[in-house]
Amino acid sequence: MILERYIAANLVKGWLLVLLVLGAVFGLIGFIQELDHTRFDYNALAVGRYTLFVLPQQLVSLAPVIALLGSIVALAGLDRFNELTIISCTGFSRTRLLGAIGLPTAVLMAVLWLCMEYVTPPMLQSAEAQRQALRYHNQVRIPDGGVWSKNGNRYIHLDKMHKDGVPGDIDLFEFDESGQLTRALRAETAVVSRNRTWLFQNVWEKLLVNRRLVTRHHDTLEIGNLWSPDELPTLALESDIDSMRLSVLRNYSQYRADNGQPFEKYLSAFWQKLLMPLTVAAMVLLATPISANLGARRDRSFGVDIALGALVGILFYLGTQIVFALGQLLGLNIPLVALAPTLVILLCAAILLRRMHW
């Protein structure tokens, strides 16, 4: 049990080391790039605060690469000083080695799922909201002309997002099957309920009656099947998918599918995020034979292992982007496309583990 804890502790140290290095690199790059967007009260101090808040989301996205490089750093470091050789000579089996690696990996997978559901999306939403408030002097207008959505023959447009996710300056248009406008309304604000029902306030409505548009005013008007409260805060953000929790992504993609809107991008992002911790586990398994292959250490340096791991990480990132793009282009099964890179990594890891010298 002592050897298992020792291996697991070194593995965690390797992950943390790579996490700190990549965090410093990407944090610095993000800070420098964001300095070009300073405006009004959005100064260098605000840029630094924004960079720190969005960095966890970036690191979570890099979790497979961090797991791969961190595992190589940890295990190759142990093998570099012959510690793994000594451990193997004690009768420590390959199964026990995989068990010692598997426990911290399982904890890491659970942490990633929790982060994607409860930690990084709220941090990203808060950072984006603060940046917009400082850059636009607390104006509530949504950038880039607002947000449009389609629901059958109904089109809705949001121009503002007030504090606490209250939509404002709302336009709604309804058409018949021939494409003729039958209803148009503009509301000042709306109260949003959990069942996707909106209570529009201070509403001016135009209805087609006997081929004439009749104008009416309502203090309140209820309309259903619109955005939910969890989806609204993300609509005004530049990175709407990254700022959505896993549960929100799933519900929002289903909502768009039910209403005939393009949903593939959101459903694909949901499956990619959901399966990402499994990819992390596959990367850790792949790193084990790369770095702990006892018979290959005599003619291969520690730096070669790191370079090999970096190359695998780059190829994995590029390969997954190509696979996801082709999957959407060809209309392939989204969960299967999202799982494909992980299965390839697992297959490679299994082959290398069988040939591993231990």
# chains A, B, ... in the order shown; residues from 1 in each chain; ligands from 1

call {"tool": "residues_around", "arguments": {"residues": "range 285-290 of chain A", "least_positions_apart": "2", "cutoff": "10 Å", "atoms": "only C-alpha atoms", "output": "MDAnalysis selection string"}}
result
chainID A and resid 67:76 97:98 101:102 105 279:283 292:294 296 305:306 308:309 312 345:358

call {"tool": "write_last_selection", "arguments": {"atoms": "N, CA and C atoms", "output": "tab-separated table (two decimals), in the first residue's frame"}}
result
chain	number	residue	atom	x	y	z
A	67	ALA	N	-2.96	15.77	-18.38
A	67	ALA	CA	-2.86	14.43	-17.81
A	67	ALA	C	-1.76	13.62	-18.49
A	68	LEU	N	-1.67	13.74	-19.81
A	68	LEU	CA	-0.64	13.00	-20.55
A	68	LEU	C	0.76	13.45	-20.16
A	69	LEU	N	1.02	14.75	-20.24
A	69	LEU	CA	2.36	15.26	-19.93
A	69	LEU	C	2.69	15.08	-18.46
A	70	GLY	N	1.72	15.32	-17.58
A	70	GLY	CA	1.97	15.16	-16.15
A	70	GLY	C	2.31	13.74	-15.78
A	71	SER	N	1.61	12.78	-16.39
A	71	SER	CA	1.89	11.37	-16.12
A	71	SER	C	3.27	10.99	-16.63
A	72	ILE	N	3.64	11.49	-17.81
A	72	ILE	CA	4.98	11.20	-18.34
A	72	ILE	C	6.06	11.80	-17.44
A	73	VAL	N	5.85	13.04	-17.00
A	73	VAL	CA	6.82	13.68	-16.11
A	73	VAL	C	6.99	12.86	-14.83
A	74	ALA	N	5.87	12.40	-14.25
A	74	ALA	CA	5.93	11.67	-12.98
A	74	ALA	C	6.59	10.30	-13.15
A	75	LEU	N	6.10	9.51	-14.10
A	75	LEU	CA	6.59	8.14	-14.24
A	75	LEU	C	7.99	8.08	-14.84
A	76	ALA	N	8.26	8.95	-15.82
A	76	ALA	CA	9.61	8.98	-16.39
A	76	ALA	C	10.61	9.48	-15.35
A	97	LEU	N	0.47	-1.71	-10.47
A	97	LEU	CA	0.90	-0.42	-11.00
A	97	LEU	C	-0.29	0.33	-11.60
A	98	LEU	N	-1.08	-0.37	-12.41
A	98	LEU	CA	-2.25	0.26	-13.01
A	98	LEU	C	-3.27	0.66	-11.95
A	101	ILE	N	-2.12	3.86	-10.35
A	101	ILE	CA	-2.35	4.99	-11.25
A	101	ILE	C	-3.85	5.27	-11.40
A	102	GLY	N	-4.66	4.22	-11.35
A	102	GLY	CA	-6.09	4.37	-11.59
A	102	GLY	C	-6.84	5.14	-10.53
A	105	THR	N	-6.44	8.86	-10.89
A	105	THR	CA	-7.07	9.21	-12.17
A	105	THR	C	-8.58	9.28	-12.03
A	279	THR	N	-11.39	10.61	-21.70
A	279	THR	CA	-10.20	10.84	-22.52
A	279	THR	C	-8.98	11.06	-21.63
A	280	VAL	N	-9.17	11.75	-20.52
A	280	VAL	CA	-8.09	11.96	-19.57
A	280	VAL	C	-7.57	10.63	-19.04
A	281	ALA	N	-8.49	9.73	-18.67
A	281	ALA	CA	-8.07	8.41	-18.19
A	281	ALA	C	-7.31	7.65	-19.28
A	282	ALA	N	-7.79	7.76	-20.52
A	282	ALA	CA	-7.09	7.09	-21.63
A	282	ALA	C	-5.69	7.66	-21.82
A	283	MET	N	-5.54	8.97	-21.65
A	283	MET	CA	-4.22	9.59	-21.79
A	283	MET	C	-3.26	9.12	-20.70
A	292	ALA	N	7.16	4.44	-18.56
A	292	ALA	CA	7.59	3.44	-17.57
A	292	ALA	C	7.99	2.13	-18.23
A	293	ASN	N	8.37	2.19	-19.49
A	293	ASN	CA	8.80	0.98	-20.20
A	293	ASN	C	10.25	0.68	-19.83
A	294	LEU	N	10.44	-0.17	-18.84
A	294	LEU	CA	11.74	-0.32	-18.21
A	294	LEU	C	12.84	-0.73	-19.18
A	296	ALA	N	13.30	0.09	-22.18
A	296	ALA	CA	13.63	1.07	-23.22
A	296	ALA	C	14.35	2.28	-22.69
A	305	ASP	N	11.05	11.50	-23.84
A	305	ASP	CA	9.71	11.15	-23.37
A	305	ASP	C	8.79	12.37	-23.35
A	306	ILE	N	9.31	13.50	-22.85
A	306	ILE	CA	8.51	14.72	-22.81
A	306	ILE	C	8.16	15.18	-24.22
A	308	LEU	N	7.96	13.34	-26.88
A	308	LEU	CA	7.01	12.39	-27.44
A	308	LEU	C	5.60	12.66	-26.92
A	309	GLY	N	5.51	12.95	-25.63
A	309	GLY	CA	4.22	13.27	-25.04
A	309	GLY	C	3.62	14.53	-25.63
A	312	VAL	N	2.32	13.74	-29.09
A	312	VAL	CA	1.04	13.01	-29.01
A	312	VAL	C	-0.09	13.96	-28.65
A	345	ILE	N	-7.30	6.28	-28.52
A	345	ILE	CA	-6.26	6.38	-27.49
A	345	ILE	C	-6.24	5.13	-26.61
A	346	LEU	N	-7.43	4.63	-26.24
A	346	LEU	CA	-7.51	3.42	-25.41
A	346	LEU	C	-6.92	2.22	-26.15
A	347	LEU	N	-7.20	2.12	-27.44
A	347	LEU	CA	-6.66	1.00	-28.22
A	347	LEU	C	-5.14	1.07	-28.28
A	348	CYS	N	-4.60	2.25	-28.53
A	348	CYS	CA	-3.14	2.41	-28.56
A	348	CYS	C	-2.52	2.10	-27.19
A	349	ALA	N	-3.19	2.55	-26.13
A	349	ALA	CA	-2.68	2.30	-24.78
A	349	ALA	C	-2.69	0.81	-24.47
A	350	ALA	N	-3.76	0.11	-24.88
A	350	ALA	CA	-3.85	-1.32	-24.61
A	350	ALA	C	-2.75	-2.09	-25.33
A	351	ILE	N	-2.48	-1.73	-26.58
A	351	ILE	CA	-1.42	-2.40	-27.34
A	351	ILE	C	-0.06	-2.18	-26.70
A	352	LEU	N	0.21	-0.92	-26.32
A	352	LEU	CA	1.51	-0.61	-25.71
A	352	LEU	C	1.65	-1.25	-24.33
A	353	LEU	N	0.55	-1.33	-23.58
A	353	LEU	CA	0.63	-1.95	-22.26
A	353	LEU	C	0.94	-3.44	-22.36
A	354	ARG	N	0.40	-4.10	-23.39
A	354	ARG	CA	0.68	-5.53	-23.56
A	354	ARG	C	2.14	-5.77	-23.91
A	355	ARG	N	2.76	-4.81	-24.58
A	355	ARG	CA	4.17	-4.94	-24.97
A	355	ARG	C	5.12	-4.28	-23.97
A	356	MET	N	4.56	-3.80	-22.89
A	356	MET	CA	5.35	-3.05	-21.91
A	356	MET	C	6.27	-3.99	-21.14
A	357	HIS	N	7.52	-3.59	-20.98
A	357	HIS	CA	8.49	-4.35	-20.19
A	357	HIS	C	8.31	-3.99	-18.73
A	358	TRP	N	7.92	-4.97	-17.91
A	358	TRP	CA	7.74	-4.70	-16.47
A	358	TRP	C	8.10	-5.95	-15.69

call {"tool": "residues_around", "arguments": {"residues": "Val54 in chain A", "least_positions_apart": "6", "cutoff": "8 Å", "atoms": "only C-alpha atoms", "output": "list in words"}}
result
Thr120, Met123, Leu124 and Ala127 of chain A

call {"tool": "closest_atom_pairs", "arguments": {"of": "range 152-243 of chain A", "to": "range 249-271 of chain A", "cutoff": "8 Å", "atoms": "only C-alpha atoms", "output": "Markdown table"}}
result
| residue | atom | partner | partner_atom | distance |
| --- | --- | --- | --- | --- |
| A:Gly152 | CA | A:Asn259 | CA | 6.1 |
| A:Glu231 | CA | A:Tyr252 | CA | 7.2 |
| A:Ile241 | CA | A:Tyr266 | CA | 7.0 |

call {"tool": "closest_residue", "arguments": {"among": "A:Val192, A:Leu52, A:Cys115, A:Leu158", "to": "Asn225 in chain A", "atoms": "only C-alpha atoms"}}
result
A:Val192

call {"tool": "atom_distance", "arguments": {"atom1": "CA of Asp36 in chain A", "atom2": "CA of Val65 in chain A"}}
result
28.5 Å

call {"tool": "residues_around", "arguments": {"residues": "range 199-210 of chain A", "least_positions_apart": "4", "cutoff": "12 Å", "atoms": "only C-alpha atoms", "output": "ChimeraX atom specification"}}
result
/A:166-176,180-195,214-226

call {"tool": "write_last_selection", "arguments": {"atoms": "N, CA and C atoms", "output": "short mmCIF file (atom, residue, chain, number, x, y, z; two decimals), in the first residue's frame"}}
result
data_model
loop_
_atom_site.label_atom_id
_atom_site.label_comp_id
_atom_site.auth_asym_id
_atom_site.auth_seq_id
_atom_site.Cartn_x
_atom_site.Cartn_y
_atom_site.Cartn_z
N VAL A 166 -32.34 39.44 -16.51
CA VAL A 166 -33.66 39.90 -16.92
C VAL A 166 -33.58 40.44 -18.35
N PRO A 167 -34.27 39.81 -19.33
CA PRO A 167 -34.19 40.28 -20.71
C PRO A 167 -34.95 41.57 -20.91
N GLY A 168 -34.47 42.41 -21.84
CA GLY A 168 -35.11 43.69 -22.11
C GLY A 168 -35.11 44.00 -23.59
N ASP A 169 -35.99 44.94 -23.98
CA ASP A 169 -36.17 45.33 -25.38
C ASP A 169 -36.35 44.10 -26.25
N ILE A 170 -37.47 43.43 -26.04
CA ILE A 170 -37.74 42.15 -26.68
C ILE A 170 -38.70 42.36 -27.86
N ASP A 171 -38.34 41.81 -29.00
CA ASP A 171 -39.21 41.83 -30.18
C ASP A 171 -39.58 40.40 -30.55
N LEU A 172 -40.86 40.20 -30.87
CA LEU A 172 -41.33 38.87 -31.25
C LEU A 172 -42.20 39.00 -32.51
N PHE A 173 -41.95 38.12 -33.48
CA PHE A 173 -42.69 38.14 -34.74
C PHE A 173 -43.19 36.73 -35.03
N GLU A 174 -44.48 36.65 -35.48
CA GLU A 174 -45.06 35.36 -35.86
C GLU A 174 -45.61 35.47 -37.27
N PHE A 175 -45.42 34.39 -38.06
CA PHE A 175 -45.84 34.36 -39.45
C PHE A 175 -46.73 33.14 -39.67
N ASP A 176 -47.60 33.23 -40.68
CA ASP A 176 -48.40 32.07 -41.03
C ASP A 176 -47.63 31.21 -42.04
N GLN A 180 -46.80 35.36 -44.22
CA GLN A 180 -47.35 36.68 -43.90
C GLN A 180 -47.28 36.93 -42.39
N LEU A 181 -46.91 38.14 -42.04
CA LEU A 181 -46.81 38.51 -40.64
C LEU A 181 -48.20 38.55 -40.01
N THR A 182 -48.38 37.80 -38.94
CA THR A 182 -49.68 37.76 -38.25
C THR A 182 -49.62 38.39 -36.86
N ARG A 183 -48.43 38.53 -36.33
CA ARG A 183 -48.32 39.09 -34.97
C ARG A 183 -46.94 39.67 -34.77
N ALA A 184 -46.89 40.82 -34.14
CA ALA A 184 -45.62 41.45 -33.79
C ALA A 184 -45.80 42.14 -32.46
N LEU A 185 -44.83 41.97 -31.59
CA LEU A 185 -44.93 42.65 -30.29
C LEU A 185 -43.55 43.10 -29.84
N ARG A 186 -43.57 44.10 -29.00
CA ARG A 186 -42.34 44.61 -28.38
C ARG A 186 -42.62 44.80 -26.90
N ALA A 187 -41.75 44.22 -26.07
CA ALA A 187 -41.90 44.29 -24.62
C ALA A 187 -40.69 44.96 -24.01
N GLU A 188 -40.93 45.66 -22.91
CA GLU A 188 -39.83 46.35 -22.23
C GLU A 188 -38.94 45.36 -21.50
N THR A 189 -39.54 44.48 -20.72
CA THR A 189 -38.80 43.43 -20.00
C THR A 189 -39.68 42.18 -19.93
N ALA A 190 -39.14 41.13 -19.30
CA ALA A 190 -39.91 39.91 -19.12
C ALA A 190 -39.43 39.19 -17.87
N VAL A 191 -40.36 38.53 -17.20
CA VAL A 191 -40.04 37.68 -16.06
C VAL A 191 -40.00 36.25 -16.57
N VAL A 192 -38.88 35.56 -16.35
CA VAL A 192 -38.65 34.23 -16.92
C VAL A 192 -38.85 33.17 -15.84
N SER A 193 -39.66 32.16 -16.16
CA SER A 193 -39.91 31.08 -15.21
C SER A 193 -39.17 29.82 -15.63
N ARG A 194 -39.10 28.85 -14.75
CA ARG A 194 -38.34 27.62 -14.99
C ARG A 194 -38.93 26.77 -16.10
N ASN A 195 -40.22 26.89 -16.36
CA ASN A 195 -40.86 26.06 -17.39
C ASN A 195 -40.82 26.72 -18.76
N VAL A 214 -53.87 45.43 -36.00
CA VAL A 214 -54.51 46.17 -34.91
C VAL A 214 -53.53 46.25 -33.74
N THR A 215 -53.32 47.47 -33.24
CA THR A 215 -52.36 47.69 -32.15
C THR A 215 -53.05 47.63 -30.81
N ARG A 216 -52.45 46.89 -29.88
CA ARG A 216 -52.98 46.77 -28.52
C ARG A 216 -51.84 46.93 -27.53
N HIS A 217 -52.20 47.36 -26.33
CA HIS A 217 -51.22 47.48 -25.24
C HIS A 217 -51.62 46.56 -24.10
N HIS A 218 -50.62 45.84 -23.55
CA HIS A 218 -50.85 44.95 -22.40
C HIS A 218 -49.85 45.30 -21.30
N ASP A 219 -50.34 45.34 -20.09
CA ASP A 219 -49.40 45.50 -18.97
C ASP A 219 -48.53 44.26 -18.83
N THR A 220 -49.14 43.09 -19.00
CA THR A 220 -48.40 41.83 -18.99
C THR A 220 -49.00 40.90 -20.04
N LEU A 221 -48.16 40.03 -20.57
CA LEU A 221 -48.59 39.06 -21.57
C LEU A 221 -47.72 37.83 -21.43
N GLU A 222 -48.33 36.65 -21.31
CA GLU A 222 -47.59 35.41 -21.08
C GLU A 222 -47.43 34.63 -22.38
N ILE A 223 -46.19 34.21 -22.65
CA ILE A 223 -45.87 33.41 -23.83
C ILE A 223 -44.92 32.29 -23.41
N GLY A 224 -45.16 31.09 -23.89
CA GLY A 224 -44.37 29.93 -23.46
C GLY A 224 -43.37 29.46 -24.49
N ASN A 225 -42.59 28.47 -24.09
CA ASN A 225 -41.59 27.78 -24.94
C ASN A 225 -40.52 28.73 -25.45
N LEU A 226 -39.89 29.48 -24.53
CA LEU A 226 -38.79 30.36 -24.86
C LEU A 226 -37.56 29.93 -24.07
#

call {"tool": "residues_around", "arguments": {"residues": "Asp242 in chain A", "least_positions_apart": "3", "cutoff": "8 Å", "atoms": "only C-alpha atoms", "output": "PyMOL selection string"}}
result
chain A and resi 57+121+124+239+245

call {"tool": "atom_distance", "arguments": {"atom1": "CA of Leu232 in chain A", "atom2": "CA of Gln132 in chain A"}}
result
15.4 Å

call {"tool": "select_by_dssp", "arguments": {"residues": "range 50-163 of chain A", "states": "strand (DSSP E or B)", "output": "PDB file with C-alpha atoms, in the first residue's frame"}}
result
ATOM      1  CA  ARG A 141     -27.165  46.195 -24.451  1.00  0.00           C
ATOM      2  CA  VAL A 147     -29.591  37.609 -30.006  1.00  0.00           C
ATOM      3  CA  TRP A 148     -32.089  36.013 -32.388  1.00  0.00           C
ATOM      4  CA  SER A 149     -33.915  32.698 -32.002  1.00  0.00           C
ATOM      5  CA  LYS A 150     -36.437  30.786 -34.141  1.00  0.00           C
ATOM      6  CA  ASN A 151     -39.257  28.573 -32.906  1.00  0.00           C
ATOM      7  CA  ARG A 154     -41.948  32.520 -34.470  1.00  0.00           C
ATOM      8  CA  TYR A 155     -38.847  34.718 -34.303  1.00  0.00           C
ATOM      9  CA  ILE A 156     -37.675  36.459 -31.145  1.00  0.00           C
ATOM     10  CA  HIS A 157     -34.947  39.057 -30.656  1.00  0.00           C
ATOM     11  CA  LEU A 158     -33.290  40.195 -27.403  1.00  0.00           C
ATOM     12  CA  ASP A 159     -31.507  43.525 -27.457  1.00  0.00           C
ATOM     13  CA  LYS A 160     -30.666  43.913 -23.760  1.00  0.00           C
ATOM     14  CA  MET A 161     -29.834  41.766 -20.769  1.00  0.00           C
ATOM     15  CA  HIS A 162     -30.362  43.495 -17.442  1.00  0.00           C
TER      16      HIS A 162
END

call {"tool": "closest_residue", "arguments": {"among": "A:Ile322, A:Ile66, A:Ala133, A:Leu275", "to": "Lys13 in chain A", "atoms": "only C-alpha atoms"}}
result
A:Ile66

call {"tool": "closest_residue", "arguments": {"among": "A:Met116, A:Val21, A:Ile87, A:Ala44", "to": "Leu3 in chain A", "atoms": "only C-alpha atoms"}}
result
A:Ile87

call {"tool": "residues_around", "arguments": {"residues": "Pro341 in chain A", "least_positions_apart": "6", "cutoff": "8 Å", "atoms": "only C-alpha atoms", "output": "mmCIF file with N, CA and C atoms, in the first residue's frame"}}
result
data_model
loop_
_atom_site.group_PDB
_atom_site.id
_atom_site.type_symbol
_atom_site.label_atom_id
_atom_site.label_comp_id
_atom_site.auth_asym_id
_atom_site.auth_seq_id
_atom_site.Cartn_x
_atom_site.Cartn_y
_atom_site.Cartn_z
ATOM 1 N N THR A 279 -11.393 10.610 -21.705
ATOM 2 C CA THR A 279 -10.198 10.840 -22.516
ATOM 3 C C THR A 279 -8.981 11.058 -21.632
ATOM 4 N N PHE A 316 -3.193 14.696 -31.000
ATOM 5 C CA PHE A 316 -4.524 14.387 -30.478
ATOM 6 C C PHE A 316 -5.451 15.585 -30.644
ATOM 7 N N GLY A 319 -6.208 16.056 -34.322
ATOM 8 C CA GLY A 319 -7.035 14.954 -34.797
ATOM 9 C C GLY A 319 -8.471 15.048 -34.336
ATOM 10 N N THR A 320 -8.669 15.421 -33.057
ATOM 11 C CA THR A 320 -10.043 15.534 -32.554
ATOM 12 C C THR A 320 -10.802 16.648 -33.259
ATOM 13 N N VAL A 323 -11.836 15.265 -36.592
ATOM 14 C CA VAL A 323 -12.894 14.263 -36.448
ATOM 15 C C VAL A 323 -14.230 14.920 -36.128
#

call {"tool": "select_by_dssp", "arguments": {"residues": "range 25-93 of chain A", "states": "alpha helix (DSSP H)", "output": "MDAnalysis selection string"}}
result
chainID A and resid 25:34 44:61 63:80 83:89

call {"tool": "closest_residue", "arguments": {"among": "A:Leu84, A:Val119, A:Leu78, A:Ile7", "to": "Leu55 in chain A", "atoms": "only C-alpha atoms"}}
result
A:Val119
